[in-house]
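Single-structure report; data block below.
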Amino acid sequence: MLLKYLRIIGMFIRISFINGLEYKANFILGGLFEFSWIIMNIIFFRVIYLNTSSIAGWNMNEVLLLVFICGFVDSVHSFFFASGFISIPNMIRDGQLDFVLLKPINKRFYLAFRLTNIGQLFNIVFNLTMIIIYLIKLSEAFDFLKVFMFFMLIGIGILIVNAFYFTLSMIAFWVIQVNAIIGYSQELFTIGNKPLSIYPQVIQKIFIYLIPLGIAFSYPILYYSKKLDWIDVTLAFIIATLFFGFSHFLYRKGFKRYTSASS
Amino acid sequence: MFKKFKKIMSISLQENMEYKFNFITSLICSFIPLAVNSLIWFSISDYSAEAYGYSLNEMITYYFVMMIITNIVYCDIAWRMSNEIRYGGLTQYLLKPCRYINYVFYFDLPKRLVFVIFGTIPILMLYLFIHRFLVLDINLFVFTCFLVSLCIGYIINFLLYYMLGLFSFFLSEVGGIIMGYTILVNVLAGKVFPLSLLPGVVGEIVAFTPFQYTGFVSASIIQSKYQTTDILLTLGGGIIWIAILWFCCEYLWRLGNKKYAAFGG
Amino acid sequence: MKAITAEGLSKIYKYYKKEEGIKGSIKNFFKREALYKEAVKGISFSVDAGDSVGFIGLNGAGKTTTLKMLSGILKPTSGKIDICGYSPFDKKNDFLKRITMVMGNKSQLWWDIPAIDAFALNKEIFGVEDIQYNQTLNELVEILDVGHLVNTQVRRLSLGERMKMELILALIHLPDIIFLDEPTIGLDVISQYNIREALKKYRDNHNATIILTSHNLDDIEIVCDKLMIIDDGNIMYDGQFDSFVQLQSVNKIMRIKFKKGIDISDILKDHQAEIISSMEDEVNVKIENEKVISLSGQLMSQYLGEIKDINIENANLQEIIRNLYA
């Protein structure tokens, strides 16, 4: 059963690859801009750190590691899910969703993995490499458990981002024009991908308990720099699960409401 | 002739009202970078105004002013254009006695007006909230130049996105490019940080691009970061960029039309 | 054996009134008026396994809504549907593997990849065994004669070719219940013919049940043996196709070919035959069913040597339907 789903993901990737060969310009440019975003963020923080040594208690390596974690989570999401989710509002609007309903396969799975984006492969590899490099810069000694937990936290970061974007596209069942909402979501990421500690407590709590982007991005580093205890970490896992569950609840509700475009 | 444009604009206005969620959220959208970036600067231990070229309050003012500017100058025509070109909707415009670029322009213009009209009050409210943190010293000359720079900025932004839209003639999935471009421009326009913070060579290269006109130039004018002569020189540069971009658009349009005519049923 | 049973099926849509002009848009900003449309009004019908049912009605009569309820896409506002023991809206995987839906104005195909890749994807999704897949693929490709096109990107195909691929994609998992919503819309005559023949062959080979809606009555005439007419959410006829034509056609068309020079207009007048068109050696008339035999008889006895050919046809289906709505 799992094999079947893995095979289907493989086919989606293959389709994306064929597409990529066909539209080479898009394939190359597709990842280039996310890459530039990372570079610019690096420049921004490097420029700041030219004249200081700490932003809210984070040193330069920690902040740069944050940039790469965001880049990694973003590129994994973009590789597998982003295009698929963005197409959902259109599918709702023009009734293409009907065909999805008729497939004997988990609908969420299909919608999530349907449009993979091969162009992001470079970004995934680049960001992962930089994460490892900066992790080494921040470490005194190699502690397997610590590193393992670090990557687990990144893993739930991917889960949270997935649930986040999926929730957004589910809103398309109720609201006609979601483009603005997606634009809005980019701003939430603007908040989420900064060091959590710069925010007043109220905001921090919101970005941990309500929109757990703080967990997704800052927690791996806070954990690694020993600024979190095991209660925080456990809570993080629970919150991530609840958040994902919420997105699933919305998904069920949305489909119930779905009335396909007439004729 | 103008009646035609009036009708186009009125339809555009109606569309804008329909999507109420759209307008409210896009406004809230723009308050956020202001807050976040200010918080970053506030969180810097031992902040030095000489090192950064802006006092803390000036820095906050920078983001406040940038927020207003980027909203006025904002342009999202590329998506619609891409769809019209890719899926044949363009044909109907080619048959109309109105140049496509004009149609797109007059369709987008009212959206700017919507912001100016409906955005004034929320922004005024925001200003009242945070004016203690801001420092703005405006005289008539500076303000006039500011307005001129806004016009230049909008036209340049429009032409840049129009060019992107035209790429749909030659590439099939411009979506990724449009999104990536928008992020890139965010940075190059000065939305993320004042472009004057860029060290040496990088800073000079960036000053040569048209993107700074869609934000940084206007902000610098109103924050009196330019000498008088520099303002005029910069504005002149902006006009040159408009001409360059306009020619690029024309060229791409001709090329694209040839290709478009070649598509089958 | 009943494949499909529907009881008291109805569907009510809710939508919002949009007022004109800028003032209207501002009003809508604050308060919207909800309106309801009853698209399907408590209809009941059944379909036997292996039947091909033509489902016709004017635009907005409720055809597509009914089809979507039958396939499980839409939830009925009230009523029950049973398809081979399943309730469609549950969308159980076993149910979904047995049905398929083809929509003439919407495509399931991926635009930029060859159709064969889309088939392979469906194979995986529907869990089709390799042997069966190859068999079905070969069968369909041969019937539709598209072997040389399966590796071409869909966007390079003509509309007719795309529709053929659409059909293969829909049938690749060997469904036994097929819903088609205007499958031949926009197609040229030859493509229409190909699609119809493919449907018939598939149905005969696999004993499939077909429900087909179309504005092109040739589709119905050629593919279907049963007919259901829906008008404004209500079923107006449900039964054999031939019976319907018999019931409704009061008239027949007679084409009479004769040697030049003879004049049969008197005889035609006697039988109240209405002349549709006439030439030197041929005349087409519309005449009541009962009078056909007697007219033919009289022509044959009076003009035996001069009549070259008499052709008797049923009145045109289009006309029948139009009369029905009148």
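Ordering of the structure tokens sets the chain letters (A, B, ...); residue numbers start at 1 within each chain; ligands are numbered from 1 in the order shown.
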Interface residues on chain A facing chain B, 8 Å, only C-alpha atoms, written as JSON, numbers by chain: {"A": [23, 25, 26, 29, 30, 32, 33, 34, 36, 37, 40, 44, 47, 51, 52, 53, 54, 55, 56, 175, 176, 177, 178, 179, 180, 181, 183, 184, 187, 190, 191, 198, 199]}
Distance-based interface of chain A with chain C, 9 Å, counting only C-alpha atoms, as a ChimeraX atom specification: /A:4-5,7-8,11-12,15,18-19,22,94-96,98-99,101-105,256,258-260,262-263
May I have the residues from that selection written out with N, CA, C and O atoms, as a CSV table (one decimal), in the first residue's frame?
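As a result, part_35.csv now contains:
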chain,number,residue,atom,x,y,z
A,4,LYS,N,2.6,1.6,-3.2
A,4,LYS,CA,1.8,2.2,-4.2
A,4,LYS,C,1.9,3.7,-4.2
A,4,LYS,O,2.1,4.4,-5.2
A,5,TYR,N,1.8,4.3,-3.0
A,5,TYR,CA,1.9,5.7,-2.8
A,5,TYR,C,3.3,6.2,-3.2
A,5,TYR,O,3.4,7.3,-3.8
A,7,ARG,N,5.3,4.8,-5.3
A,7,ARG,CA,5.4,4.7,-6.8
A,7,ARG,C,4.7,5.9,-7.4
A,7,ARG,O,5.2,6.5,-8.4
A,8,ILE,N,3.6,6.3,-6.9
A,8,ILE,CA,2.8,7.4,-7.5
A,8,ILE,C,3.6,8.7,-7.3
A,8,ILE,O,3.7,9.5,-8.2
A,11,MET,N,6.1,8.8,-9.9
A,11,MET,CA,5.5,9.2,-11.2
A,11,MET,C,5.3,10.7,-11.3
A,11,MET,O,5.5,11.3,-12.4
A,12,PHE,N,4.8,11.3,-10.3
A,12,PHE,CA,4.7,12.7,-10.3
A,12,PHE,C,6.0,13.4,-10.5
A,12,PHE,O,6.1,14.4,-11.2
A,15,ILE,N,7.0,13.0,-14.1
A,15,ILE,CA,6.2,14.0,-14.9
A,15,ILE,C,6.8,15.4,-14.8
A,15,ILE,O,7.0,16.1,-15.8
A,18,ILE,N,10.0,15.5,-16.8
A,18,ILE,CA,9.7,15.6,-18.3
A,18,ILE,C,9.4,17.0,-18.6
A,18,ILE,O,9.9,17.6,-19.6
A,19,ASN,N,8.5,17.6,-17.8
A,19,ASN,CA,8.2,19.0,-18.0
A,19,ASN,C,9.4,19.9,-17.9
A,19,ASN,O,9.5,20.8,-18.6
A,22,GLU,N,11.4,19.9,-20.9
A,22,GLU,CA,10.7,20.7,-21.9
A,22,GLU,C,10.9,22.2,-21.7
A,22,GLU,O,11.2,22.9,-22.7
A,94,ASP,N,-12.8,26.2,-11.4
A,94,ASP,CA,-13.3,25.7,-12.7
A,94,ASP,C,-13.8,24.3,-12.7
A,94,ASP,O,-14.0,23.7,-13.8
A,95,GLY,N,-13.9,23.7,-11.6
A,95,GLY,CA,-14.6,22.4,-11.5
A,95,GLY,C,-13.6,21.2,-11.8
A,95,GLY,O,-14.1,20.1,-11.8
A,96,GLN,N,-12.4,21.5,-11.9
A,96,GLN,CA,-11.4,20.4,-12.2
A,96,GLN,C,-11.3,19.4,-11.0
A,96,GLN,O,-10.9,18.3,-11.1
A,98,ASP,N,-13.6,18.0,-9.6
A,98,ASP,CA,-14.4,16.8,-9.8
A,98,ASP,C,-13.6,15.6,-10.1
A,98,ASP,O,-13.9,14.5,-9.6
A,99,PHE,N,-12.7,15.8,-11.0
A,99,PHE,CA,-11.9,14.6,-11.4
A,99,PHE,C,-11.1,14.0,-10.3
A,99,PHE,O,-10.9,12.8,-10.2
A,101,LEU,N,-12.0,14.0,-7.2
A,101,LEU,CA,-13.0,13.3,-6.4
A,101,LEU,C,-13.2,11.9,-6.9
A,101,LEU,O,-13.6,11.0,-6.1
A,102,LEU,N,-13.1,11.7,-8.2
A,102,LEU,CA,-13.4,10.4,-8.7
A,102,LEU,C,-12.2,9.4,-8.7
A,102,LEU,O,-12.3,8.3,-9.2
A,103,LYS,N,-11.1,9.8,-8.1
A,103,LYS,CA,-9.9,8.9,-8.1
A,103,LYS,C,-9.9,8.1,-6.8
A,103,LYS,O,-10.1,8.7,-5.7
A,104,PRO,N,-9.7,6.8,-6.9
A,104,PRO,CA,-9.8,5.9,-5.8
A,104,PRO,C,-8.5,6.0,-5.0
A,104,PRO,O,-7.8,5.0,-4.9
A,105,ILE,N,-8.2,7.2,-4.5
A,105,ILE,CA,-6.9,7.4,-3.8
A,105,ILE,C,-7.1,8.5,-2.8
A,105,ILE,O,-8.0,9.3,-3.0
A,256,LYS,N,-17.0,19.1,1.9
A,256,LYS,CA,-18.4,19.0,2.1
A,256,LYS,C,-19.1,20.1,1.4
A,256,LYS,O,-20.2,19.9,0.8
A,258,TYR,N,-18.2,21.8,-1.1
A,258,TYR,CA,-17.8,22.0,-2.5
A,258,TYR,C,-19.0,21.7,-3.4
A,258,TYR,O,-19.6,20.6,-3.4
A,259,THR,N,-19.4,22.7,-4.1
A,259,THR,CA,-20.4,22.4,-5.1
A,259,THR,C,-19.7,22.7,-6.4
A,259,THR,O,-19.3,23.8,-6.7
A,260,SER,N,-19.6,21.7,-7.2
A,260,SER,CA,-18.8,21.9,-8.4
A,260,SER,C,-19.4,23.0,-9.3
A,260,SER,O,-20.6,23.2,-9.4
A,262,SER,N,-21.2,24.8,-12.1
A,262,SER,CA,-22.3,24.2,-12.9
A,262,SER,C,-22.0,24.0,-14.3
A,262,SER,O,-21.2,24.7,-14.9
A,263,SER,N,-22.5,22.9,-14.8
A,263,SER,CA,-22.4,22.6,-16.2
A,263,SER,C,-21.0,22.3,-16.6
A,263,SER,O,-20.5,23.0,-17.5
Test item, alpha helix (DSSP H) assignment across stretch 180-259 of chain B, answer as a PyMOL selection string: chain B and resi 180-188+200-207+216-222+228-259
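All residues of protein, DNA or RNA that reach within 10 Å of B:Val206, judged by only C-alpha atoms and not counting those fewer than 3 positions away in the chain, are B:Leu188, B:Ala189, B:Leu195, B:Ser196, B:Leu198, B:Val201, B:Val202, B:Gly203, B:Thr209, B:Pro210, B:Phe211, B:Gln212.
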C-alpha atoms of the current selection, written as an mmCIF file, in the first residue's frame:
data_model
loop_
_atom_site.group_PDB
_atom_site.id
_atom_site.type_symbol
_atom_site.label_atom_id
_atom_site.label_comp_id
_atom_site.auth_asym_id
_atom_site.auth_seq_id
_atom_site.Cartn_x
_atom_site.Cartn_y
_atom_site.Cartn_z
ATOM 1 C CA LEU B 188 16.319 45.447 -4.824
ATOM 2 C CA ALA B 189 13.688 48.108 -4.283
ATOM 3 C CA LEU B 195 19.887 50.129 -0.189
ATOM 4 C CA SER B 196 22.484 52.514 1.169
ATOM 5 C CA LEU B 198 24.899 47.722 0.777
ATOM 6 C CA VAL B 201 30.585 47.548 -5.345
ATOM 7 C CA VAL B 202 27.329 45.777 -4.687
ATOM 8 C CA GLY B 203 25.699 49.018 -3.659
ATOM 9 C CA THR B 209 19.090 49.143 -11.786
ATOM 10 C CA PRO B 210 15.551 50.450 -12.298
ATOM 11 C CA PHE B 211 14.256 48.627 -9.234
ATOM 12 C CA GLN B 212 15.329 51.253 -6.749
#
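Take atom CA of B:Tyr63 and atom CA of A:Pro195: the distance between them is 18.9 Å.
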Length of the atom CA of A:Val67 to atom CA of A:Ile131 vector [Å]: 9.1 Å
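Here the residues within stretch 177-235 of chain C that DSSP labels strand (DSSP E or B) on the basis of the backbone are Ile177, Ile178, Phe179, Leu180, Asp181, Thr209, Ile210, Ile211, Leu212, Thr213, Lys226, Leu227, Met228, Ile229, Ile230, Asp231, Asn234 and Ile235 of chain C.
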Prev. selection, all heavy atoms, output as a compact mmCIF listing (two decimals), in the first residue's frame:
# COMPACT_ATOMS: atom_id res chain seq x y z
N ILE C 177 -19.33 1.18 -15.49
CA ILE C 177 -20.37 2.21 -15.58
C ILE C 177 -19.74 3.50 -16.08
O ILE C 177 -18.79 4.00 -15.50
CB ILE C 177 -21.02 2.44 -14.21
CG1 ILE C 177 -21.66 1.15 -13.75
CG2 ILE C 177 -22.07 3.55 -14.30
CD1 ILE C 177 -22.38 1.25 -12.46
N ILE C 178 -20.27 3.99 -17.18
CA ILE C 178 -19.63 5.14 -17.82
C ILE C 178 -20.60 6.31 -17.89
O ILE C 178 -21.70 6.18 -18.44
CB ILE C 178 -19.20 4.80 -19.26
CG1 ILE C 178 -18.39 3.51 -19.26
CG2 ILE C 178 -18.39 5.93 -19.85
CD1 ILE C 178 -18.04 3.04 -20.66
N PHE C 179 -20.20 7.44 -17.34
CA PHE C 179 -20.99 8.66 -17.45
C PHE C 179 -20.31 9.58 -18.45
O PHE C 179 -19.12 9.81 -18.38
CB PHE C 179 -21.08 9.39 -16.11
CG PHE C 179 -21.72 8.57 -15.02
CD1 PHE C 179 -20.97 8.11 -13.96
CD2 PHE C 179 -23.08 8.28 -15.07
CE1 PHE C 179 -21.56 7.35 -12.96
CE2 PHE C 179 -23.67 7.52 -14.06
CZ PHE C 179 -22.90 7.06 -13.01
N LEU C 180 -21.07 10.09 -19.41
CA LEU C 180 -20.48 11.01 -20.38
C LEU C 180 -21.32 12.28 -20.45
O LEU C 180 -22.53 12.22 -20.67
CB LEU C 180 -20.43 10.36 -21.76
CG LEU C 180 -19.60 9.09 -21.82
CD1 LEU C 180 -20.44 7.90 -22.23
CD2 LEU C 180 -18.44 9.27 -22.79
N ASP C 181 -20.66 13.40 -20.31
CA ASP C 181 -21.35 14.68 -20.36
C ASP C 181 -20.87 15.43 -21.59
O ASP C 181 -19.78 15.98 -21.60
CB ASP C 181 -21.05 15.47 -19.09
CG ASP C 181 -21.95 16.68 -18.93
OD1 ASP C 181 -22.96 16.75 -19.67
OD2 ASP C 181 -21.67 17.54 -18.08
N THR C 209 -22.41 -0.26 -18.73
CA THR C 209 -23.62 0.55 -18.67
C THR C 209 -23.22 1.99 -18.97
O THR C 209 -22.27 2.50 -18.42
CB THR C 209 -24.23 0.49 -17.26
OG1 THR C 209 -24.34 -0.87 -16.86
CG2 THR C 209 -25.61 1.15 -17.24
N ILE C 210 -23.98 2.61 -19.86
CA ILE C 210 -23.60 3.96 -20.28
C ILE C 210 -24.73 4.94 -20.02
O ILE C 210 -25.88 4.67 -20.33
CB ILE C 210 -23.28 3.99 -21.79
CG1 ILE C 210 -22.07 3.11 -22.10
CG2 ILE C 210 -23.01 5.42 -22.25
CD1 ILE C 210 -21.69 3.11 -23.57
N ILE C 211 -24.39 6.09 -19.45
CA ILE C 211 -25.34 7.21 -19.41
C ILE C 211 -24.67 8.38 -20.10
O ILE C 211 -23.60 8.83 -19.73
CB ILE C 211 -25.72 7.59 -17.98
CG1 ILE C 211 -26.37 6.42 -17.29
CG2 ILE C 211 -26.69 8.77 -18.01
CD1 ILE C 211 -27.11 6.77 -16.04
N LEU C 212 -25.34 8.85 -21.12
CA LEU C 212 -24.71 9.83 -22.00
C LEU C 212 -25.62 11.04 -22.17
O LEU C 212 -26.77 10.91 -22.52
CB LEU C 212 -24.48 9.15 -23.35
CG LEU C 212 -24.23 9.98 -24.60
CD1 LEU C 212 -22.88 10.63 -24.53
CD2 LEU C 212 -24.26 9.06 -25.81
N THR C 213 -25.09 12.22 -21.89
CA THR C 213 -25.86 13.42 -22.21
C THR C 213 -25.24 14.08 -23.42
O THR C 213 -24.03 14.07 -23.60
CB THR C 213 -25.91 14.45 -21.07
OG1 THR C 213 -24.71 15.21 -21.10
CG2 THR C 213 -26.08 13.80 -19.74
N LYS C 226 -31.82 3.37 -24.74
CA LYS C 226 -32.86 3.91 -23.90
C LYS C 226 -32.76 5.43 -23.93
O LYS C 226 -31.70 6.01 -24.24
CB LYS C 226 -32.66 3.45 -22.44
CG LYS C 226 -32.82 1.98 -22.19
CD LYS C 226 -34.23 1.72 -21.74
CE LYS C 226 -34.45 0.48 -20.89
NZ LYS C 226 -33.51 0.24 -19.85
N LEU C 227 -33.84 6.06 -23.55
CA LEU C 227 -33.85 7.52 -23.60
C LEU C 227 -34.49 8.08 -22.34
O LEU C 227 -35.50 7.58 -21.87
CB LEU C 227 -34.63 7.98 -24.82
CG LEU C 227 -34.77 9.48 -25.04
CD1 LEU C 227 -33.43 10.09 -25.37
CD2 LEU C 227 -35.76 9.76 -26.17
N MET C 228 -33.86 9.13 -21.79
CA MET C 228 -34.48 9.83 -20.66
C MET C 228 -34.47 11.30 -20.98
O MET C 228 -33.42 11.85 -21.35
CB MET C 228 -33.67 9.56 -19.38
CG MET C 228 -34.51 8.95 -18.32
SD MET C 228 -33.71 8.41 -16.81
CE MET C 228 -32.25 9.31 -16.66
N ILE C 229 -35.63 11.93 -20.86
CA ILE C 229 -35.68 13.36 -21.15
C ILE C 229 -35.98 14.11 -19.87
O ILE C 229 -36.92 13.78 -19.15
CB ILE C 229 -36.78 13.67 -22.18
CG1 ILE C 229 -36.56 12.84 -23.43
CG2 ILE C 229 -36.77 15.16 -22.52
CD1 ILE C 229 -37.55 13.13 -24.53
N ILE C 230 -35.16 15.10 -19.59
CA ILE C 230 -35.36 15.89 -18.37
C ILE C 230 -35.62 17.34 -18.75
O ILE C 230 -34.99 17.89 -19.64
CB ILE C 230 -34.14 15.76 -17.43
CG1 ILE C 230 -34.42 16.44 -16.09
CG2 ILE C 230 -32.89 16.33 -18.06
CD1 ILE C 230 -33.40 16.10 -15.03
N ASP C 231 -36.60 17.93 -18.11
CA ASP C 231 -36.93 19.31 -18.42
C ASP C 231 -37.21 20.05 -17.12
O ASP C 231 -38.08 19.65 -16.36
CB ASP C 231 -38.15 19.38 -19.35
CG ASP C 231 -38.38 20.81 -19.81
OD1 ASP C 231 -37.39 21.48 -20.16
OD2 ASP C 231 -39.54 21.26 -19.81
N ASN C 234 -37.41 17.94 -13.98
CA ASN C 234 -38.35 16.81 -13.95
C ASN C 234 -38.13 15.87 -15.12
O ASN C 234 -37.77 16.30 -16.21
CB ASN C 234 -39.80 17.31 -14.02
CG ASN C 234 -40.19 18.04 -12.76
OD1 ASN C 234 -40.01 17.54 -11.66
ND2 ASN C 234 -40.73 19.23 -12.92
N ILE C 235 -38.42 14.57 -14.90
CA ILE C 235 -38.24 13.62 -16.00
C ILE C 235 -39.53 13.57 -16.81
O ILE C 235 -40.62 13.40 -16.26
CB ILE C 235 -37.93 12.22 -15.45
CG1 ILE C 235 -36.58 12.28 -14.76
CG2 ILE C 235 -37.91 11.20 -16.57
CD1 ILE C 235 -35.85 10.99 -14.71
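Residues lying within 8 Å of A:Phe27, counting only C-alpha atoms and ignoring same-chain neighbours fewer than 4 positions away, are Gly20, Leu21, Tyr23, Gly31, Ile118 and Gly119 of chain A.
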Can I get the selection written as a PDB file, in the first residue's frame, with C-alpha atoms?
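Writing done, so here's again-v3.pdb:
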ATOM      1  CA  GLY A  20      11.426  20.381 -16.700  1.00  0.00           C
ATOM      2  CA  LEU A  21      13.320  19.114 -19.708  1.00  0.00           C
ATOM      3  CA  TYR A  23      10.661  24.063 -20.269  1.00  0.00           C
ATOM      4  CA  GLY A  31      14.837  27.812  -8.151  1.00  0.00           C
ATOM      5  CA  ILE A 118      11.968  19.651  -9.961  1.00  0.00           C
ATOM      6  CA  GLY A 119      13.585  23.063 -10.171  1.00  0.00           C
TER       7      GLY A 119
END
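Excluding B:Tyr161 itself and same-chain residues fewer than 6 positions from it, the residues having an atom within 10 Å of it are Tyr74, Cys75, Asp76, Ile77, Ala78, Trp79, Met81, Ile155, Phe167, Ile178, Tyr181, Thr182 and Cys249 of chain B, counting only C-alpha atoms.
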Using the selection just defined, write its residues with N, CA, C and O atoms as a PDB file, in the first residue's frame.
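As written to disk, again.pdb reads:
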ATOM      1  N   TYR B  74       2.416  49.435  -6.337  1.00  0.00           N
ATOM      2  CA  TYR B  74       2.175  48.007  -6.536  1.00  0.00           C
ATOM      3  C   TYR B  74       1.482  47.692  -7.855  1.00  0.00           C
ATOM      4  O   TYR B  74       0.640  48.448  -8.333  1.00  0.00           O
ATOM      5  N   CYS B  75       1.843  46.567  -8.431  1.00  0.00           N
ATOM      6  CA  CYS B  75       1.288  46.209  -9.733  1.00  0.00           C
ATOM      7  C   CYS B  75       1.243  44.691  -9.879  1.00  0.00           C
ATOM      8  O   CYS B  75       2.277  44.035  -9.735  1.00  0.00           O
ATOM      9  N   ASP B  76       0.075  44.109 -10.166  1.00  0.00           N
ATOM     10  CA  ASP B  76       0.048  42.654 -10.298  1.00  0.00           C
ATOM     11  C   ASP B  76      -0.581  42.188 -11.598  1.00  0.00           C
ATOM     12  O   ASP B  76      -1.296  41.211 -11.646  1.00  0.00           O
ATOM     13  N   ILE B  77      -0.274  42.916 -12.655  1.00  0.00           N
ATOM     14  CA  ILE B  77      -0.885  42.606 -13.943  1.00  0.00           C
ATOM     15  C   ILE B  77      -0.363  41.322 -14.581  1.00  0.00           C
ATOM     16  O   ILE B  77      -1.014  40.720 -15.417  1.00  0.00           O
ATOM     17  N   ALA B  78       0.836  40.911 -14.184  1.00  0.00           N
ATOM     18  CA  ALA B  78       1.509  39.836 -14.907  1.00  0.00           C
ATOM     19  C   ALA B  78       0.724  38.527 -14.928  1.00  0.00           C
ATOM     20  O   ALA B  78       0.692  37.830 -15.937  1.00  0.00           O
ATOM     21  N   TRP B  79       0.066  38.188 -13.801  1.00  0.00           N
ATOM     22  CA  TRP B  79      -0.689  36.935 -13.754  1.00  0.00           C
ATOM     23  C   TRP B  79      -1.797  36.917 -14.799  1.00  0.00           C
ATOM     24  O   TRP B  79      -1.944  35.984 -15.573  1.00  0.00           O
ATOM     25  N   MET B  81      -2.151  38.747 -17.418  1.00  0.00           N
ATOM     26  CA  MET B  81      -1.608  38.770 -18.769  1.00  0.00           C
ATOM     27  C   MET B  81      -1.168  37.378 -19.176  1.00  0.00           C
ATOM     28  O   MET B  81      -1.432  36.913 -20.278  1.00  0.00           O
ATOM     29  N   ILE B 155       5.133  53.833 -12.986  1.00  0.00           N
ATOM     30  CA  ILE B 155       5.264  53.513 -14.405  1.00  0.00           C
ATOM     31  C   ILE B 155       6.369  52.477 -14.622  1.00  0.00           C
ATOM     32  O   ILE B 155       6.205  51.521 -15.382  1.00  0.00           O
ATOM     33  N   PHE B 167       6.550  37.772 -21.281  1.00  0.00           N
ATOM     34  CA  PHE B 167       7.353  36.554 -21.366  1.00  0.00           C
ATOM     35  C   PHE B 167       6.480  35.328 -21.613  1.00  0.00           C
ATOM     36  O   PHE B 167       6.960  34.314 -22.092  1.00  0.00           O
ATOM     37  N   ILE B 178       7.350  34.973 -12.131  1.00  0.00           N
ATOM     38  CA  ILE B 178       6.709  36.171 -11.585  1.00  0.00           C
ATOM     39  C   ILE B 178       6.894  36.232 -10.080  1.00  0.00           C
ATOM     40  O   ILE B 178       7.268  37.259  -9.513  1.00  0.00           O
ATOM     41  N   TYR B 181      10.518  36.820  -9.183  1.00  0.00           N
ATOM     42  CA  TYR B 181      10.867  38.189  -9.510  1.00  0.00           C
ATOM     43  C   TYR B 181      10.369  39.149  -8.438  1.00  0.00           C
ATOM     44  O   TYR B 181      11.080  40.060  -8.026  1.00  0.00           O
ATOM     45  N   THR B 182       9.140  38.920  -7.996  1.00  0.00           N
ATOM     46  CA  THR B 182       8.564  39.809  -6.979  1.00  0.00           C
ATOM     47  C   THR B 182       9.415  39.814  -5.714  1.00  0.00           C
ATOM     48  O   THR B 182       9.650  40.857  -5.114  1.00  0.00           O
ATOM     49  N   CYS B 249       9.487  46.725 -23.955  1.00  0.00           N
ATOM     50  CA  CYS B 249       8.131  46.188 -23.998  1.00  0.00           C
ATOM     51  C   CYS B 249       7.600  46.159 -25.423  1.00  0.00           C
ATOM     52  O   CYS B 249       7.007  45.171 -25.858  1.00  0.00           O
TER      53      CYS B 249
END
